[in-house]
Amino acid sequence: MKSIFFISMLFLFLCCRDTAVKKNHQAEISKTPLVLLQPLQPFDKSFLSFLKDSIEKFYPVRILIANQKLFPINCYYKPRNRYRADSTIGWLKSIKPDSVRLIVGITDTDISTTKGTINDYGVMGLGFHPGNACIVSTYRIKKSATSKQNLQQRIFKVVVHEMGHNFGLPHCPDQHCIMADAEGKMKLDDERDLCIACRKKLKL
């Protein structure tokens, strides 16, 4: 009888412990900031899973992948056959669910913004700091990529760079830091990670 009682109590204890562990795990998940990855037409969907896994390892966030959407007509810049990144960010902010910390638009289409005296300057990505929306284009990243893996890494670095701006990070003077300013050049292959200083400044 004692053996049966002991086994029953042990089973009850293990069940209660498992329930408590699950509740704690669910509580931790609910506290994790959500980031919505929003593909915009056209976009290579094969990169989405890679980006989700890579971003979740880089930042303490949970990535949700949205269904593909079309660019709004008012974001189109006809003279250069591309889309305005700043206007697109404004639109992304308007469709961002309240439960999401930030929304990341990603596309294969060329994008541009105003930079200094240049009214329409082509960019790889754009994100304001702090902010809750950013956009990345693979259009310029693809041109000199040496392989699919190299392209994936470049896209990932631009995405976490623009997300970094949304999380309050300015450009960094460390040329090996993800937050280094590209200054119109392809420097992605030299970037490795966030530097210690930028890690401390993150505002999640």
# chains A, B, ... in the order shown; residues from 1 in each chain; ligands from 1
>>> residues_around(residues="region 45-59 of chain A", least_positions_apart="6", cutoff="9 Å", atoms="only C-alpha atoms", output="PyMOL selection string")
chain A and resi 37+39+65+152+155-156+159-160+193
>>> write_last_selection(atoms="all heavy atoms", output="PDB file, in the first residue's frame")
ATOM      1  N   LEU A  37       7.231  39.760 -40.031  1.00  0.00           N
ATOM      2  CA  LEU A  37       7.979  39.803 -41.281  1.00  0.00           C
ATOM      3  C   LEU A  37       6.966  39.849 -42.421  1.00  0.00           C
ATOM      4  O   LEU A  37       6.239  38.889 -42.648  1.00  0.00           O
ATOM      5  CB  LEU A  37       8.874  38.565 -41.378  1.00  0.00           C
ATOM      6  CG  LEU A  37      10.009  38.571 -42.396  1.00  0.00           C
ATOM      7  CD1 LEU A  37      10.977  39.712 -42.134  1.00  0.00           C
ATOM      8  CD2 LEU A  37      10.752  37.237 -42.363  1.00  0.00           C
ATOM      9  N   PRO A  39       6.352  40.075 -46.266  1.00  0.00           N
ATOM     10  CA  PRO A  39       6.848  40.032 -47.649  1.00  0.00           C
ATOM     11  C   PRO A  39       5.987  40.899 -48.570  1.00  0.00           C
ATOM     12  O   PRO A  39       4.767  40.894 -48.474  1.00  0.00           O
ATOM     13  CB  PRO A  39       6.755  38.552 -48.015  1.00  0.00           C
ATOM     14  CG  PRO A  39       5.721  37.982 -47.106  1.00  0.00           C
ATOM     15  CD  PRO A  39       5.774  38.782 -45.845  1.00  0.00           C
ATOM     16  N   ILE A  65       5.534  35.322 -39.678  1.00  0.00           N
ATOM     17  CA  ILE A  65       5.588  35.584 -41.117  1.00  0.00           C
ATOM     18  C   ILE A  65       4.178  35.841 -41.636  1.00  0.00           C
ATOM     19  O   ILE A  65       3.299  34.995 -41.513  1.00  0.00           O
ATOM     20  CB  ILE A  65       6.231  34.410 -41.869  1.00  0.00           C
ATOM     21  CG1 ILE A  65       7.668  34.186 -41.389  1.00  0.00           C
ATOM     22  CG2 ILE A  65       6.224  34.677 -43.379  1.00  0.00           C
ATOM     23  CD1 ILE A  65       8.346  32.959 -41.989  1.00  0.00           C
ATOM     24  N   GLN A 152      21.905  35.116 -48.638  1.00  0.00           N
ATOM     25  CA  GLN A 152      21.112  34.969 -47.422  1.00  0.00           C
ATOM     26  C   GLN A 152      21.718  35.753 -46.270  1.00  0.00           C
ATOM     27  O   GLN A 152      21.024  36.456 -45.532  1.00  0.00           O
ATOM     28  CB  GLN A 152      21.012  33.489 -47.034  1.00  0.00           C
ATOM     29  CG  GLN A 152      20.077  32.670 -47.904  1.00  0.00           C
ATOM     30  CD  GLN A 152      20.036  31.216 -47.482  1.00  0.00           C
ATOM     31  OE1 GLN A 152      21.026  30.657 -46.998  1.00  0.00           O
ATOM     32  NE2 GLN A 152      18.893  30.588 -47.666  1.00  0.00           N
ATOM     33  N   ILE A 155      21.238  39.558 -46.788  1.00  0.00           N
ATOM     34  CA  ILE A 155      19.867  39.983 -46.510  1.00  0.00           C
ATOM     35  C   ILE A 155      19.623  40.011 -45.000  1.00  0.00           C
ATOM     36  O   ILE A 155      19.059  40.971 -44.463  1.00  0.00           O
ATOM     37  CB  ILE A 155      18.853  39.051 -47.192  1.00  0.00           C
ATOM     38  CG1 ILE A 155      18.989  39.138 -48.715  1.00  0.00           C
ATOM     39  CG2 ILE A 155      17.424  39.406 -46.777  1.00  0.00           C
ATOM     40  CD1 ILE A 155      18.182  38.086 -49.459  1.00  0.00           C
ATOM     41  N   PHE A 156      20.061  38.964 -44.331  1.00  0.00           N
ATOM     42  CA  PHE A 156      19.905  38.879 -42.879  1.00  0.00           C
ATOM     43  C   PHE A 156      20.561  40.074 -42.183  1.00  0.00           C
ATOM     44  O   PHE A 156      19.976  40.694 -41.281  1.00  0.00           O
ATOM     45  CB  PHE A 156      20.513  37.563 -42.386  1.00  0.00           C
ATOM     46  CG  PHE A 156      20.846  37.554 -40.924  1.00  0.00           C
ATOM     47  CD1 PHE A 156      19.840  37.525 -39.967  1.00  0.00           C
ATOM     48  CD2 PHE A 156      22.165  37.573 -40.497  1.00  0.00           C
ATOM     49  CE1 PHE A 156      20.146  37.533 -38.609  1.00  0.00           C
ATOM     50  CE2 PHE A 156      22.479  37.567 -39.153  1.00  0.00           C
ATOM     51  CZ  PHE A 156      21.472  37.554 -38.206  1.00  0.00           C
ATOM     52  N   VAL A 159      18.535  43.234 -42.670  1.00  0.00           N
ATOM     53  CA  VAL A 159      17.304  43.183 -41.880  1.00  0.00           C
ATOM     54  C   VAL A 159      17.588  43.500 -40.416  1.00  0.00           C
ATOM     55  O   VAL A 159      16.920  44.346 -39.810  1.00  0.00           O
ATOM     56  CB  VAL A 159      16.614  41.801 -42.005  1.00  0.00           C
ATOM     57  CG1 VAL A 159      15.491  41.674 -40.973  1.00  0.00           C
ATOM     58  CG2 VAL A 159      16.050  41.607 -43.404  1.00  0.00           C
ATOM     59  N   VAL A 160      18.596  42.845 -39.818  1.00  0.00           N
ATOM     60  CA  VAL A 160      18.864  43.099 -38.392  1.00  0.00           C
ATOM     61  C   VAL A 160      19.452  44.496 -38.187  1.00  0.00           C
ATOM     62  O   VAL A 160      19.332  45.075 -37.101  1.00  0.00           O
ATOM     63  CB  VAL A 160      19.767  42.012 -37.769  1.00  0.00           C
ATOM     64  CG1 VAL A 160      19.038  40.667 -37.739  1.00  0.00           C
ATOM     65  CG2 VAL A 160      21.097  41.876 -38.487  1.00  0.00           C
ATOM     66  N   ASP A 193      28.741  41.026 -36.267  1.00  0.00           N
ATOM     67  CA  ASP A 193      27.767  40.941 -35.175  1.00  0.00           C
ATOM     68  C   ASP A 193      27.563  42.347 -34.627  1.00  0.00           C
ATOM     69  O   ASP A 193      28.221  43.285 -35.070  1.00  0.00           O
ATOM     70  CB  ASP A 193      28.297  40.016 -34.073  1.00  0.00           C
ATOM     71  CG  ASP A 193      27.192  39.472 -33.175  1.00  0.00           C
ATOM     72  OD1 ASP A 193      26.081  40.032 -33.192  1.00  0.00           O
ATOM     73  OD2 ASP A 193      27.446  38.496 -32.459  1.00  0.00           O
TER      74      ASP A 193
END
>>> residues_around(residues="Arg154 (chain A)", least_positions_apart="2", cutoff="9 Å", atoms="only C-alpha atoms", output="PyMOL selection string")
chain A and resi 138+141-142+145+149-152+156-159+188-189
>>> residues_around(residues="Val104 (chain A)", least_positions_apart="5", cutoff="7 Å", atoms="only C-alpha atoms", output="ChimeraX atom specification")
/A:36-38,133-135
>>> write_last_selection(atoms="N, CA and C atoms", output="PDB file, in the first residue's frame")
ATOM      1  N   LEU A  36       6.777  41.167 -36.944  1.00  0.00           N
ATOM      2  CA  LEU A  36       6.059  40.653 -38.108  1.00  0.00           C
ATOM      3  C   LEU A  36       6.912  40.854 -39.355  1.00  0.00           C
ATOM      4  N   LEU A  37       7.231  39.760 -40.031  1.00  0.00           N
ATOM      5  CA  LEU A  37       7.979  39.803 -41.281  1.00  0.00           C
ATOM      6  C   LEU A  37       6.966  39.849 -42.421  1.00  0.00           C
ATOM      7  N   GLN A  38       6.917  40.986 -43.103  1.00  0.00           N
ATOM      8  CA  GLN A  38       5.890  41.214 -44.127  1.00  0.00           C
ATOM      9  C   GLN A  38       6.487  41.197 -45.533  1.00  0.00           C
ATOM     10  N   ALA A 133       8.724  50.199 -37.574  1.00  0.00           N
ATOM     11  CA  ALA A 133       8.593  49.653 -38.926  1.00  0.00           C
ATOM     12  C   ALA A 133       9.856  49.958 -39.723  1.00  0.00           C
ATOM     13  N   CYS A 134      10.222  49.024 -40.592  1.00  0.00           N
ATOM     14  CA  CYS A 134      11.375  49.225 -41.469  1.00  0.00           C
ATOM     15  C   CYS A 134      11.157  48.400 -42.740  1.00  0.00           C
ATOM     16  N   ILE A 135      12.001  48.630 -43.732  1.00  0.00           N
ATOM     17  CA  ILE A 135      11.865  47.886 -44.986  1.00  0.00           C
ATOM     18  C   ILE A 135      13.242  47.540 -45.530  1.00  0.00           C
TER      19      ILE A 135
END
>>> atom_distance(atom1="CA of Lys200 (chain A)", atom2="CA of Glu183 (chain A)")
23.9 Å
>>> closest_residue(among="A:Cys177, A:Leu169, A:Met186, A:Leu40", to="Val136 (chain A)", atoms="only C-alpha atoms")
A:Leu40
>>> select_by_dssp(residues="chain A", states="alpha helix (DSSP H)", output="VMD selection string")
chain A and resid 2 to 31 46 to 58 85 to 95 148 to 166 196 to 201
>>> atom_distance(atom1="CA of Phe167 (chain A)", atom2="CA of Asp190 (chain A)")
22.2 Å
>>> atom_distance(atom1="CA of Gly168 (chain A)", atom2="CA of Glu191 (chain A)")
19.0 Å
>>> residues_around(residues="region 82-97 of chain A", least_positions_apart="5", cutoff="6 Å", atoms="only C-alpha atoms", output="list in words")
Cys75, Tyr76, Tyr77, Asp110, Ile111, Ser112, Thr113, Ala133 and Cys134 of chain A
>>> select_by_dssp(residues="region 10-147 of chain A", states="strand (DSSP E)", output="PDB file with N, CA, C and O atoms, in the first residue's frame")
ATOM      1  N   LEU A  34       7.111  40.557 -30.291  1.00  0.00           N
ATOM      2  CA  LEU A  34       6.755  39.964 -31.580  1.00  0.00           C
ATOM      3  C   LEU A  34       7.195  40.880 -32.715  1.00  0.00           C
ATOM      4  O   LEU A  34       7.038  42.097 -32.636  1.00  0.00           O
ATOM      5  N   VAL A  35       7.744  40.278 -33.758  1.00  0.00           N
ATOM      6  CA  VAL A  35       8.145  41.008 -34.948  1.00  0.00           C
ATOM      7  C   VAL A  35       7.453  40.360 -36.143  1.00  0.00           C
ATOM      8  O   VAL A  35       7.534  39.142 -36.322  1.00  0.00           O
ATOM      9  N   LEU A  36       6.777  41.167 -36.944  1.00  0.00           N
ATOM     10  CA  LEU A  36       6.059  40.653 -38.108  1.00  0.00           C
ATOM     11  C   LEU A  36       6.912  40.854 -39.355  1.00  0.00           C
ATOM     12  O   LEU A  36       7.290  41.970 -39.701  1.00  0.00           O
ATOM     13  N   LEU A  37       7.231  39.760 -40.031  1.00  0.00           N
ATOM     14  CA  LEU A  37       7.979  39.803 -41.281  1.00  0.00           C
ATOM     15  C   LEU A  37       6.966  39.849 -42.421  1.00  0.00           C
ATOM     16  O   LEU A  37       6.239  38.889 -42.648  1.00  0.00           O
ATOM     17  N   GLN A  38       6.917  40.986 -43.103  1.00  0.00           N
ATOM     18  CA  GLN A  38       5.890  41.214 -44.127  1.00  0.00           C
ATOM     19  C   GLN A  38       6.487  41.197 -45.533  1.00  0.00           C
ATOM     20  O   GLN A  38       7.089  42.173 -45.980  1.00  0.00           O
ATOM     21  N   PRO A  39       6.352  40.075 -46.266  1.00  0.00           N
ATOM     22  CA  PRO A  39       6.848  40.032 -47.649  1.00  0.00           C
ATOM     23  C   PRO A  39       5.987  40.899 -48.570  1.00  0.00           C
ATOM     24  O   PRO A  39       4.767  40.894 -48.474  1.00  0.00           O
ATOM     25  N   ARG A  62      10.328  37.071 -31.207  1.00  0.00           N
ATOM     26  CA  ARG A  62       9.653  35.967 -31.881  1.00  0.00           C
ATOM     27  C   ARG A  62       9.139  36.482 -33.216  1.00  0.00           C
ATOM     28  O   ARG A  62       8.448  37.507 -33.257  1.00  0.00           O
ATOM     29  N   ILE A  63       9.488  35.802 -34.303  1.00  0.00           N
ATOM     30  CA  ILE A  63       9.131  36.241 -35.648  1.00  0.00           C
ATOM     31  C   ILE A  63       7.843  35.572 -36.126  1.00  0.00           C
ATOM     32  O   ILE A  63       7.684  34.356 -36.031  1.00  0.00           O
ATOM     33  N   LEU A  64       6.938  36.376 -36.657  1.00  0.00           N
ATOM     34  CA  LEU A  64       5.745  35.878 -37.319  1.00  0.00           C
ATOM     35  C   LEU A  64       5.842  36.252 -38.792  1.00  0.00           C
ATOM     36  O   LEU A  64       6.218  37.378 -39.129  1.00  0.00           O
ATOM     37  N   ILE A  65       5.534  35.322 -39.678  1.00  0.00           N
ATOM     38  CA  ILE A  65       5.588  35.584 -41.117  1.00  0.00           C
ATOM     39  C   ILE A  65       4.178  35.841 -41.636  1.00  0.00           C
ATOM     40  O   ILE A  65       3.299  34.995 -41.513  1.00  0.00           O
ATOM     41  N   TYR A  76       4.561  54.065 -55.119  1.00  0.00           N
ATOM     42  CA  TYR A  76       5.282  53.851 -56.373  1.00  0.00           C
ATOM     43  C   TYR A  76       5.861  55.153 -56.910  1.00  0.00           C
ATOM     44  O   TYR A  76       5.195  56.186 -56.955  1.00  0.00           O
ATOM     45  N   TYR A  77       7.158  55.098 -57.312  1.00  0.00           N
ATOM     46  CA  TYR A  77       7.837  56.258 -57.893  1.00  0.00           C
ATOM     47  C   TYR A  77       8.077  55.959 -59.369  1.00  0.00           C
ATOM     48  O   TYR A  77       9.056  55.324 -59.746  1.00  0.00           O
ATOM     49  N   ARG A  82      10.373  52.313 -59.194  1.00  0.00           N
ATOM     50  CA  ARG A  82      10.656  51.692 -57.899  1.00  0.00           C
ATOM     51  C   ARG A  82       9.736  52.288 -56.835  1.00  0.00           C
ATOM     52  O   ARG A  82       8.889  53.131 -57.135  1.00  0.00           O
ATOM     53  N   TYR A  83       9.880  51.826 -55.611  1.00  0.00           N
ATOM     54  CA  TYR A  83       8.980  52.251 -54.548  1.00  0.00           C
ATOM     55  C   TYR A  83       9.715  53.068 -53.496  1.00  0.00           C
ATOM     56  O   TYR A  83      10.872  52.807 -53.180  1.00  0.00           O
ATOM     57  N   ARG A  84       9.002  54.050 -52.959  1.00  0.00           N
ATOM     58  CA  ARG A  84       9.576  54.911 -51.932  1.00  0.00           C
ATOM     59  C   ARG A  84       9.578  54.186 -50.588  1.00  0.00           C
ATOM     60  O   ARG A  84       8.541  53.763 -50.076  1.00  0.00           O
ATOM     61  N   LEU A 102       7.326  45.436 -33.848  1.00  0.00           N
ATOM     62  CA  LEU A 102       7.669  46.123 -35.095  1.00  0.00           C
ATOM     63  C   LEU A 102       7.372  45.236 -36.291  1.00  0.00           C
ATOM     64  O   LEU A 102       7.259  44.019 -36.167  1.00  0.00           O
ATOM     65  N   ILE A 103       7.229  45.882 -37.447  1.00  0.00           N
ATOM     66  CA  ILE A 103       6.931  45.174 -38.684  1.00  0.00           C
ATOM     67  C   ILE A 103       8.065  45.431 -39.675  1.00  0.00           C
ATOM     68  O   ILE A 103       8.516  46.567 -39.824  1.00  0.00           O
ATOM     69  N   VAL A 104       8.525  44.365 -40.320  1.00  0.00           N
ATOM     70  CA  VAL A 104       9.641  44.451 -41.266  1.00  0.00           C
ATOM     71  C   VAL A 104       9.147  44.098 -42.659  1.00  0.00           C
ATOM     72  O   VAL A 104       8.775  42.957 -42.929  1.00  0.00           O
ATOM     73  N   GLY A 105       9.116  45.080 -43.544  1.00  0.00           N
ATOM     74  CA  GLY A 105       8.764  44.805 -44.932  1.00  0.00           C
ATOM     75  C   GLY A 105       9.977  44.296 -45.677  1.00  0.00           C
ATOM     76  O   GLY A 105      11.093  44.792 -45.469  1.00  0.00           O
ATOM     77  N   ILE A 106       9.799  43.280 -46.502  1.00  0.00           N
ATOM     78  CA  ILE A 106      10.932  42.743 -47.261  1.00  0.00           C
ATOM     79  C   ILE A 106      10.491  42.440 -48.692  1.00  0.00           C
ATOM     80  O   ILE A 106       9.420  41.880 -48.914  1.00  0.00           O
ATOM     81  N   THR A 107      11.327  42.845 -49.651  1.00  0.00           N
ATOM     82  CA  THR A 107      10.942  42.743 -51.050  1.00  0.00           C
ATOM     83  C   THR A 107      12.152  42.540 -51.952  1.00  0.00           C
ATOM     84  O   THR A 107      13.285  42.834 -51.564  1.00  0.00           O
ATOM     85  N   ILE A 111      13.939  49.978 -53.959  1.00  0.00           N
ATOM     86  CA  ILE A 111      13.338  51.001 -53.110  1.00  0.00           C
ATOM     87  C   ILE A 111      14.273  52.205 -53.007  1.00  0.00           C
ATOM     88  O   ILE A 111      15.473  52.097 -53.264  1.00  0.00           O
ATOM     89  N   SER A 112      13.719  53.337 -52.621  1.00  0.00           N
ATOM     90  CA  SER A 112      14.530  54.557 -52.541  1.00  0.00           C
ATOM     91  C   SER A 112      13.989  55.500 -51.483  1.00  0.00           C
ATOM     92  O   SER A 112      12.877  55.339 -50.985  1.00  0.00           O
ATOM     93  N   THR A 113      14.795  56.506 -51.157  1.00  0.00           N
ATOM     94  CA  THR A 113      14.383  57.529 -50.201  1.00  0.00           C
ATOM     95  C   THR A 113      15.115  58.818 -50.529  1.00  0.00           C
ATOM     96  O   THR A 113      15.976  58.849 -51.415  1.00  0.00           O
ATOM     97  N   THR A 114      14.805  59.879 -49.820  1.00  0.00           N
ATOM     98  CA  THR A 114      15.525  61.135 -49.992  1.00  0.00           C
ATOM     99  C   THR A 114      16.741  61.134 -49.076  1.00  0.00           C
ATOM    100  O   THR A 114      16.627  60.824 -47.885  1.00  0.00           O
ATOM    101  N   LYS A 115      17.902  61.482 -49.635  1.00  0.00           N
ATOM    102  CA  LYS A 115      19.122  61.524 -48.836  1.00  0.00           C
ATOM    103  C   LYS A 115      19.875  62.807 -49.167  1.00  0.00           C
ATOM    104  O   LYS A 115      20.396  62.972 -50.267  1.00  0.00           O
ATOM    105  N   ILE A 118      19.828  64.623 -52.581  1.00  0.00           N
ATOM    106  CA  ILE A 118      19.351  63.668 -53.590  1.00  0.00           C
ATOM    107  C   ILE A 118      17.911  63.287 -53.270  1.00  0.00           C
ATOM    108  O   ILE A 118      17.630  62.686 -52.231  1.00  0.00           O
ATOM    109  N   ASN A 119      17.010  63.621 -54.168  1.00  0.00           N
ATOM    110  CA  ASN A 119      15.587  63.397 -53.922  1.00  0.00           C
ATOM    111  C   ASN A 119      15.200  61.923 -53.952  1.00  0.00           C
ATOM    112  O   ASN A 119      14.333  61.485 -53.189  1.00  0.00           O
ATOM    113  N   ASP A 120      15.843  61.151 -54.809  1.00  0.00           N
ATOM    114  CA  ASP A 120      15.464  59.747 -54.959  1.00  0.00           C
ATOM    115  C   ASP A 120      16.722  58.882 -54.972  1.00  0.00           C
ATOM    116  O   ASP A 120      17.323  58.642 -56.012  1.00  0.00           O
ATOM    117  N   TYR A 121      17.116  58.420 -53.796  1.00  0.00           N
ATOM    118  CA  TYR A 121      18.369  57.691 -53.604  1.00  0.00           C
ATOM    119  C   TYR A 121      18.059  56.220 -53.340  1.00  0.00           C
ATOM    120  O   TYR A 121      17.360  55.870 -52.380  1.00  0.00           O
ATOM    121  N   GLY A 122      18.577  55.331 -54.187  1.00  0.00           N
ATOM    122  CA  GLY A 122      18.322  53.907 -54.018  1.00  0.00           C
ATOM    123  C   GLY A 122      19.005  53.353 -52.774  1.00  0.00           C
ATOM    124  O   GLY A 122      20.165  53.672 -52.506  1.00  0.00           O
ATOM    125  N   VAL A 123      18.289  52.529 -52.018  1.00  0.00           N
ATOM    126  CA  VAL A 123      18.823  51.979 -50.769  1.00  0.00           C
ATOM    127  C   VAL A 123      18.551  50.480 -50.660  1.00  0.00           C
ATOM    128  O   VAL A 123      17.662  49.944 -51.313  1.00  0.00           O
ATOM    129  N   GLY A 125      17.953  49.258 -47.567  1.00  0.00           N
ATOM    130  CA  GLY A 125      16.960  49.201 -46.507  1.00  0.00           C
ATOM    131  C   GLY A 125      16.819  50.548 -45.832  1.00  0.00           C
ATOM    132  O   GLY A 125      17.662  51.438 -46.002  1.00  0.00           O
ATOM    133  N   LEU A 126      15.753  50.692 -45.058  1.00  0.00           N
ATOM    134  CA  LEU A 126      15.523  51.938 -44.331  1.00  0.00           C
ATOM    135  C   LEU A 126      14.755  51.636 -43.055  1.00  0.00           C
ATOM    136  O   LEU A 126      13.784  50.878 -43.059  1.00  0.00           O
ATOM    137  N   GLY A 127      15.232  52.238 -41.966  1.00  0.00           N
ATOM    138  CA  GLY A 127      14.547  52.101 -40.686  1.00  0.00           C
ATOM    139  C   GLY A 127      14.861  53.312 -39.832  1.00  0.00           C
ATOM    140  O   GLY A 127      16.013  53.740 -39.786  1.00  0.00           O
ATOM    141  N   ALA A 133       8.724  50.199 -37.574  1.00  0.00           N
ATOM    142  CA  ALA A 133       8.593  49.653 -38.926  1.00  0.00           C
ATOM    143  C   ALA A 133       9.856  49.958 -39.723  1.00  0.00           C
ATOM    144  O   ALA A 133      10.480  51.004 -39.551  1.00  0.00           O
ATOM    145  N   CYS A 134      10.222  49.024 -40.592  1.00  0.00           N
ATOM    146  CA  CYS A 134      11.375  49.225 -41.469  1.00  0.00           C
ATOM    147  C   CYS A 134      11.157  48.400 -42.740  1.00  0.00           C
ATOM    148  O   CYS A 134      10.231  47.599 -42.807  1.00  0.00           O
ATOM    149  N   ILE A 135      12.001  48.630 -43.732  1.00  0.00           N
ATOM    150  CA  ILE A 135      11.865  47.886 -44.986  1.00  0.00           C
ATOM    151  C   ILE A 135      13.242  47.540 -45.530  1.00  0.00           C
ATOM    152  O   ILE A 135      14.200  48.316 -45.389  1.00  0.00           O
ATOM    153  N   VAL A 136      13.348  46.366 -46.154  1.00  0.00           N
ATOM    154  CA  VAL A 136      14.599  45.894 -46.748  1.00  0.00           C
ATOM    155  C   VAL A 136      14.310  45.375 -48.149  1.00  0.00           C
ATOM    156  O   VAL A 136      13.304  44.703 -48.374  1.00  0.00           O
ATOM    157  N   SER A 137      15.192  45.711 -49.093  1.00  0.00           N
ATOM    158  CA  SER A 137      15.085  45.223 -50.470  1.00  0.00           C
ATOM    159  C   SER A 137      16.320  44.410 -50.829  1.00  0.00           C
ATOM    160  O   SER A 137      17.448  44.795 -50.503  1.00  0.00           O
TER     161      SER A 137
END
>>> residues_around(residues="Leu202 (chain A)", least_positions_apart="4", cutoff="12 Å", atoms="only C-alpha atoms", output="MDAnalysis selection string")
chainID A and resid 59:60 129:130 160:161 163:170 179 194:198
>>> write_last_selection(atoms="C-alpha atoms", output="PDB file, in the first residue's frame")
ATOM      1  CA  TYR A  59      17.589  39.198 -31.199  1.00  0.00           C
ATOM      2  CA  PRO A  60      15.400  38.082 -28.253  1.00  0.00           C
ATOM      3  CA  HIS A 129      15.348  55.040 -34.788  1.00  0.00           C
ATOM      4  CA  PRO A 130      13.531  54.512 -32.636  1.00  0.00           C
ATOM      5  CA  VAL A 160      18.864  43.099 -38.392  1.00  0.00           C
ATOM      6  CA  HIS A 161      20.591  46.425 -39.154  1.00  0.00           C
ATOM      7  CA  MET A 163      15.634  46.408 -36.953  1.00  0.00           C
ATOM      8  CA  GLY A 164      18.522  47.726 -34.848  1.00  0.00           C
ATOM      9  CA  HIS A 165      17.546  51.272 -35.828  1.00  0.00           C
ATOM     10  CA  ASN A 166      13.966  50.533 -34.742  1.00  0.00           C
ATOM     11  CA  PHE A 167      15.368  49.282 -31.442  1.00  0.00           C
ATOM     12  CA  GLY A 168      17.093  52.628 -30.906  1.00  0.00           C
ATOM     13  CA  LEU A 169      20.552  52.013 -32.367  1.00  0.00           C
ATOM     14  CA  PRO A 170      22.309  54.705 -34.462  1.00  0.00           C
ATOM     15  CA  MET A 179      25.189  48.783 -37.297  1.00  0.00           C
ATOM     16  CA  LEU A 194      26.597  43.758 -32.948  1.00  0.00           C
ATOM     17  CA  CYS A 195      29.538  45.247 -31.054  1.00  0.00           C
ATOM     18  CA  ILE A 196      29.429  45.273 -27.240  1.00  0.00           C
ATOM     19  CA  ALA A 197      28.498  48.972 -27.146  1.00  0.00           C
ATOM     20  CA  CYS A 198      25.515  48.475 -29.445  1.00  0.00           C
TER      21      CYS A 198
END
>>> closest_residue(among="A:Lys148, A:Arg80, A:Lys31, A:Lys69", to="Ser99 (chain A)", atoms="only C-alpha atoms")
A:Lys31
>>> decode(residues="region 69-73 of chain A", atoms="all heavy atoms", output="PDB file, in the first residue's frame")
ATOM      1  N   LYS A  69       1.794  40.773 -49.376  1.00  0.00           N
ATOM      2  CA  LYS A  69       0.927  41.881 -49.760  1.00  0.00           C
ATOM      3  C   LYS A  69       1.542  42.636 -50.936  1.00  0.00           C
ATOM      4  O   LYS A  69       2.733  42.506 -51.209  1.00  0.00           O
ATOM      5  CB  LYS A  69       0.737  42.853 -48.586  1.00  0.00           C
ATOM      6  CG  LYS A  69      -0.126  42.331 -47.459  1.00  0.00           C
ATOM      7  CD  LYS A  69      -0.310  43.400 -46.398  1.00  0.00           C
ATOM      8  CE  LYS A  69      -1.172  42.898 -45.249  1.00  0.00           C
ATOM      9  NZ  LYS A  69      -2.572  42.652 -45.665  1.00  0.00           N
ATOM     10  N   LEU A  70       0.724  43.434 -51.600  1.00  0.00           N
ATOM     11  CA  LEU A  70       1.192  44.296 -52.672  1.00  0.00           C
ATOM     12  C   LEU A  70       1.589  45.650 -52.095  1.00  0.00           C
ATOM     13  O   LEU A  70       1.035  46.101 -51.090  1.00  0.00           O
ATOM     14  CB  LEU A  70       0.093  44.498 -53.718  1.00  0.00           C
ATOM     15  CG  LEU A  70      -0.472  43.251 -54.389  1.00  0.00           C
ATOM     16  CD1 LEU A  70      -1.587  43.651 -55.345  1.00  0.00           C
ATOM     17  CD2 LEU A  70       0.620  42.491 -55.129  1.00  0.00           C
ATOM     18  N   PHE A  71       2.559  46.303 -52.734  1.00  0.00           N
ATOM     19  CA  PHE A  71       2.880  47.674 -52.359  1.00  0.00           C
ATOM     20  C   PHE A  71       1.653  48.563 -52.610  1.00  0.00           C
ATOM     21  O   PHE A  71       0.941  48.378 -53.604  1.00  0.00           O
ATOM     22  CB  PHE A  71       4.023  48.214 -53.223  1.00  0.00           C
ATOM     23  CG  PHE A  71       5.399  47.899 -52.723  1.00  0.00           C
ATOM     24  CD1 PHE A  71       6.105  46.826 -53.237  1.00  0.00           C
ATOM     25  CD2 PHE A  71       6.003  48.696 -51.764  1.00  0.00           C
ATOM     26  CE1 PHE A  71       7.391  46.539 -52.803  1.00  0.00           C
ATOM     27  CE2 PHE A  71       7.283  48.432 -51.318  1.00  0.00           C
ATOM     28  CZ  PHE A  71       7.981  47.346 -51.836  1.00  0.00           C
ATOM     29  N   PRO A  72       1.405  49.530 -51.747  1.00  0.00           N
ATOM     30  CA  PRO A  72       0.339  50.501 -52.036  1.00  0.00           C
ATOM     31  C   PRO A  72       0.709  51.324 -53.279  1.00  0.00           C
ATOM     32  O   PRO A  72       1.885  51.623 -53.502  1.00  0.00           O
ATOM     33  CB  PRO A  72       0.322  51.396 -50.788  1.00  0.00           C
ATOM     34  CG  PRO A  72       1.019  50.614 -49.735  1.00  0.00           C
ATOM     35  CD  PRO A  72       2.024  49.764 -50.437  1.00  0.00           C
ATOM     36  N   ILE A  73      -0.264  51.682 -54.067  1.00  0.00           N
ATOM     37  CA  ILE A  73      -0.027  52.435 -55.299  1.00  0.00           C
ATOM     38  C   ILE A  73       0.659  53.772 -55.021  1.00  0.00           C
ATOM     39  O   ILE A  73       1.522  54.216 -55.780  1.00  0.00           O
ATOM     40  CB  ILE A  73      -1.360  52.667 -56.045  1.00  0.00           C
ATOM     41  CG1 ILE A  73      -1.947  51.326 -56.499  1.00  0.00           C
ATOM     42  CG2 ILE A  73      -1.165  53.595 -57.240  1.00  0.00           C
ATOM     43  CD1 ILE A  73      -3.312  51.445 -57.147  1.00  0.00           C
TER      44      ILE A  73
END
